[in-house]
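A short write-up of the structure that comes next.
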Amino acid sequence: MNQGRPHTDMAREDVDVAREKQAAAEAAALLVEDGMRVGLGTGSTVAFLLPALARRHLHIRCVATSVRTEEVARDLGIAVEQFSDVDHLDLAIDGADQVARDGWLVKGGGAAHTREKLVAITADRFVVIADSTKLVDHLHSPIPLELLQFGLASTLRRLATVTVRDAPASPDGGVIADYTGPVGDPTILSSWLGGTPGVVEHGLFPPEMVSSVLVGRGGDVETWRFTGD
Ligand code: 5RP
């Protein structure tokens, strides 16, 4: 809990952050065109994207990265398909927990990073939407993980600096945990985590996966371009 700060300041901060999320999400909704196949991310920033997309009444087909996103999207009249039947997406839009200036991301605060990474890698363009509190100079722990239940004790022993999250299993049965050690060079950590048997997926997303980041900052939306956008 934030102590020593008046409630009014805290409320204003929350409102400002929500406005930044909404601005970034609404800017991203404008990137969607009729006929596209679109990947929908998960989280409170994406919660602003879904109504903005629904208001455009486009003929699009979507896949969702979580049960929650799928339910909300369907309630808003957005067509959602099973991802097992879709091998290509034009665009995926998702939030992030940390965004570094060089394009590295940390995702998975909402435990959906495995599905989010699969959806992002399937899309021609992966657009990240973030409020300005997500910007960091250097990525830091915790880095979300999804672990295989089979052999969990062995995986935890080998990873050493990992905490199992007090959270339900992923929709694919994985155990949600967080790597709590130093991050250092994200390329090295990413390849170590990715190469550790028992790790289903981790929440480090490299700049090569990111087309652009739309950052809500104050009243503006900044666009940071990375690969091919
Ligand atoms: C879920 C995610 C989210 O995109 C990330 O946690 C950001 O969430 P929010 O938009 O609520 O800040 O990776 O697994």
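Every chain in the structure tokens takes a letter, A first, then B, and so on in the order presented; its residues are numbered from 1, and the ligands are numbered from 1 following the presented order.
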Give me the chain A side of the contact with ligand 1, cut-off 9 Å, one line per residue showing its nearest atom pair and distance in Å at one decimal, counting only C-alpha atoms and all ligand atoms, sorted by chain and residue number, as JSON lines.
{"residue": "A:Lys21", "atom": "CA", "partner": "ligand 1", "partner_atom_place_in_ligand_line": "10 (O)", "distance": 7.4}
{"residue": "A:Gly41", "atom": "CA", "partner": "ligand 1", "partner_atom_place_in_ligand_line": "4 (O)", "distance": 6.3}
{"residue": "A:Thr42", "atom": "CA", "partner": "ligand 1", "partner_atom_place_in_ligand_line": "1 (C)", "distance": 5.0}
{"residue": "A:Gly43", "atom": "CA", "partner": "ligand 1", "partner_atom_place_in_ligand_line": "11 (O)", "distance": 3.7}
{"residue": "A:Ser44", "atom": "CA", "partner": "ligand 1", "partner_atom_place_in_ligand_line": "11 (O)", "distance": 3.5}
{"residue": "A:Thr45", "atom": "CA", "partner": "ligand 1", "partner_atom_place_in_ligand_line": "10 (O)", "distance": 3.7}
{"residue": "A:Val46", "atom": "CA", "partner": "ligand 1", "partner_atom_place_in_ligand_line": "10 (O)", "distance": 5.9}
{"residue": "A:Ala47", "atom": "CA", "partner": "ligand 1", "partner_atom_place_in_ligand_line": "10 (O)", "distance": 7.7}
{"residue": "A:Thr65", "atom": "CA", "partner": "ligand 1", "partner_atom_place_in_ligand_line": "14 (O)", "distance": 8.6}
{"residue": "A:Ser66", "atom": "CA", "partner": "ligand 1", "partner_atom_place_in_ligand_line": "14 (O)", "distance": 8.6}
{"residue": "A:Asp94", "atom": "CA", "partner": "ligand 1", "partner_atom_place_in_ligand_line": "4 (O)", "distance": 5.5}
{"residue": "A:Gly95", "atom": "CA", "partner": "ligand 1", "partner_atom_place_in_ligand_line": "4 (O)", "distance": 3.5}
{"residue": "A:Ala96", "atom": "CA", "partner": "ligand 1", "partner_atom_place_in_ligand_line": "7 (C)", "distance": 4.1}
{"residue": "A:Asp97", "atom": "CA", "partner": "ligand 1", "partner_atom_place_in_ligand_line": "7 (C)", "distance": 4.7}
{"residue": "A:Gln98", "atom": "CA", "partner": "ligand 1", "partner_atom_place_in_ligand_line": "7 (C)", "distance": 8.2}
{"residue": "A:Val106", "atom": "CA", "partner": "ligand 1", "partner_atom_place_in_ligand_line": "13 (O)", "distance": 7.3}
{"residue": "A:Lys107", "atom": "CA", "partner": "ligand 1", "partner_atom_place_in_ligand_line": "13 (O)", "distance": 3.7}
{"residue": "A:Gly108", "atom": "CA", "partner": "ligand 1", "partner_atom_place_in_ligand_line": "14 (O)", "distance": 3.3}
{"residue": "A:Gly109", "atom": "CA", "partner": "ligand 1", "partner_atom_place_in_ligand_line": "6 (O)", "distance": 3.6}
{"residue": "A:Gly110", "atom": "CA", "partner": "ligand 1", "partner_atom_place_in_ligand_line": "14 (O)", "distance": 3.5}
{"residue": "A:Ala111", "atom": "CA", "partner": "ligand 1", "partner_atom_place_in_ligand_line": "14 (O)", "distance": 4.3}
{"residue": "A:Ala112", "atom": "CA", "partner": "ligand 1", "partner_atom_place_in_ligand_line": "14 (O)", "distance": 3.7}
{"residue": "A:His113", "atom": "CA", "partner": "ligand 1", "partner_atom_place_in_ligand_line": "14 (O)", "distance": 4.8}
{"residue": "A:Thr114", "atom": "CA", "partner": "ligand 1", "partner_atom_place_in_ligand_line": "14 (O)", "distance": 8.2}
{"residue": "A:Arg115", "atom": "CA", "partner": "ligand 1", "partner_atom_place_in_ligand_line": "14 (O)", "distance": 8.6}
{"residue": "A:Glu116", "atom": "CA", "partner": "ligand 1", "partner_atom_place_in_ligand_line": "14 (O)", "distance": 7.1}
{"residue": "A:Val128", "atom": "CA", "partner": "ligand 1", "partner_atom_place_in_ligand_line": "4 (O)", "distance": 8.5}
{"residue": "A:Ile129", "atom": "CA", "partner": "ligand 1", "partner_atom_place_in_ligand_line": "10 (O)", "distance": 7.8}
{"residue": "A:Ala130", "atom": "CA", "partner": "ligand 1", "partner_atom_place_in_ligand_line": "10 (O)", "distance": 6.9}
{"residue": "A:Asp131", "atom": "CA", "partner": "ligand 1", "partner_atom_place_in_ligand_line": "12 (O)", "distance": 7.9}
{"residue": "A:Lys134", "atom": "CA", "partner": "ligand 1", "partner_atom_place_in_ligand_line": "12 (O)", "distance": 7.9}
{"residue": "A:Pro144", "atom": "CA", "partner": "ligand 1", "partner_atom_place_in_ligand_line": "14 (O)", "distance": 8.5}
{"residue": "A:Gly203", "atom": "CA", "partner": "ligand 1", "partner_atom_place_in_ligand_line": "13 (O)", "distance": 7.6}
Going by DSSP on the backbone, which residues of stretch 48-86 of chain A come out as helix (DSSP H, G or I)? List them as an MDAnalysis selection string. chainID A and resid 48:54 67:75 83:85
Just asking: which residues within chain A are strand (DSSP E) according to DSSP, as an MDAnalysis selection string? chainID A and resid 37:40 61:64 89:94 98:100 105:106 123:131 135:136 143:147 162:164 175:179 199:202 204:205 212:217 220:225
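In this comparison, which uses only C-alpha atoms, the residue of A:Val162, A:Ala18, A:Leu30, A:Val119 approaching A:Leu193 most closely is A:Val162.
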From the list A:Ser132, A:Thr122, A:Ser84, A:Ser170, which residue is nearest A:Gly219 when using only C-alpha atoms?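 Under the stated criterion, the closest residue is A:Ser132.
Across the structure, atom CA of A:Gly194 and atom CA of A:Leu118 are spaced 13.8 Å apart.
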Would you list the contacts of A:Gly151 as a ChimeraX atom specification, taking every protein, DNA or RNA residue within 12 Å and counting only C-alpha atoms, but skipping same-chain residues closer than 6 positions in sequence? /A:157-158,174-175,197-199
Output the selection as a PDB file, in the first residue's frame - C-alpha atoms for each residue.
ATOM      1  CA  ARG A 157      15.581 -26.635  -8.069  1.00  0.00           C
ATOM      2  CA  ARG A 158      17.418 -26.000 -11.352  1.00  0.00           C
ATOM      3  CA  GLY A 174       0.869 -24.851 -16.613  1.00  0.00           C
ATOM      4  CA  VAL A 175       2.122 -23.660 -13.222  1.00  0.00           C
ATOM      5  CA  PRO A 197      13.601 -28.256 -19.522  1.00  0.00           C
ATOM      6  CA  GLY A 198      10.319 -27.819 -17.641  1.00  0.00           C
ATOM      7  CA  VAL A 199       9.944 -24.148 -18.618  1.00  0.00           C
TER       8      VAL A 199
END
Just the residues within 12 Å of A:Glu20, please, counting only C-alpha atoms, with nothing from its chain fewer than 2 positions along; format it as a ChimeraX atom specification. /A:13-18,22-27,44-45,48,129-134,214-222
For stretch 176-179 of chain A: contacts at 7 Å, only C-alpha atoms, fewer than 4 positions along chain excluded, given as a CSV table (one decimal) with N, CA and C atoms, in the first residue's frame:
chain,number,residue,atom,x,y,z
A,111,ALA,N,-0.5,-13.6,-16.3
A,111,ALA,CA,-0.2,-15.1,-16.4
A,111,ALA,C,-0.6,-15.6,-17.8
A,141,SER,N,13.4,-8.0,-12.6
A,141,SER,CA,12.5,-9.1,-12.0
A,141,SER,C,11.3,-8.4,-11.4
A,142,PRO,N,10.2,-9.2,-11.3
A,142,PRO,CA,10.0,-10.6,-11.7
A,142,PRO,C,9.7,-10.8,-13.2
A,143,ILE,N,10.2,-11.9,-13.7
A,143,ILE,CA,10.0,-12.3,-15.0
A,143,ILE,C,9.0,-13.5,-15.0
A,144,PRO,N,7.8,-13.3,-15.5
A,144,PRO,CA,6.8,-14.4,-15.4
A,144,PRO,C,7.2,-15.7,-16.1
A,145,LEU,N,6.9,-16.8,-15.5
A,145,LEU,CA,7.2,-18.1,-16.2
A,145,LEU,C,5.9,-19.0,-16.2
A,146,GLU,N,5.8,-19.9,-17.1
A,146,GLU,CA,4.9,-20.9,-17.1
A,146,GLU,C,5.7,-22.2,-17.0
A,147,LEU,N,5.4,-23.1,-16.0
A,147,LEU,CA,6.2,-24.3,-15.9
A,147,LEU,C,5.3,-25.5,-16.0
A,161,THR,N,16.2,-19.3,-8.4
A,161,THR,CA,15.5,-18.1,-8.0
A,161,THR,C,14.2,-17.9,-8.6
A,162,VAL,N,13.2,-18.7,-8.2
A,162,VAL,CA,11.9,-18.7,-8.7
A,162,VAL,C,10.9,-18.8,-7.6
A,163,THR,N,9.8,-18.1,-7.7
A,163,THR,CA,8.7,-18.2,-6.7
A,163,THR,C,7.4,-18.6,-7.5
A,164,VAL,N,6.8,-19.7,-7.0
A,164,VAL,CA,5.5,-20.1,-7.6
A,164,VAL,C,4.4,-19.1,-7.2
A,165,ARG,N,3.7,-18.6,-8.2
A,165,ARG,CA,2.7,-17.6,-7.9
A,165,ARG,C,1.4,-18.3,-7.3
A,167,ALA,N,-1.6,-18.5,-7.8
A,167,ALA,CA,-2.5,-18.2,-8.9
A,167,ALA,C,-3.0,-19.6,-9.5
A,169,ALA,N,-3.8,-22.5,-12.2
A,169,ALA,CA,-3.0,-23.0,-13.4
A,169,ALA,C,-3.4,-22.3,-14.6
A,170,SER,N,-2.6,-22.2,-15.6
A,170,SER,CA,-2.9,-21.6,-16.9
A,170,SER,C,-4.0,-22.4,-17.5
Name the residues in contact with A:Glu81 at a cut-off of 8 Å, using only C-alpha atoms, excluding same-chain residues fewer than 4 positions from it; report them as a list in words.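 Once the nearby chain positions are removed, what remains is Arg61, Cys62, Val63, Ala64, Asp85 and Val86 of chain A.
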Selection: 8 Å around stretch 205-211 of chain A, only C-alpha atoms, excl. self and same-chain fewer than 4 positions, as a PyMOL selection string: chain A and resi 102-107+117+120-121+125-128+187+225-229
From the set A:Pro186, A:Gly173, A:Gly35, A:Pro168, which residue has the shortest atom-to-atom contact distance to A:Leu89, counting only C-alpha atoms?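 Checking each of A:Pro186, A:Gly173, A:Gly35, A:Pro168 against A:Leu89, counting only C-alpha atoms, the winner is A:Gly35.
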Between atom CA of A:Pro171 and atom CA of A:Val67, what is the spacing in Å? 8.0 Å
Could you check the closest approach to A:Ala79 for each of A:Arg37, A:Leu189, A:Ala100, A:Arg56 and tell me which residue wins, using only C-alpha atoms?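 Ranked by minimum distance to A:Ala79, first place goes to A:Arg37.
Here atom CA of A:Gln149 stands at a distance of 20.7 Å from atom CA of A:Leu204.
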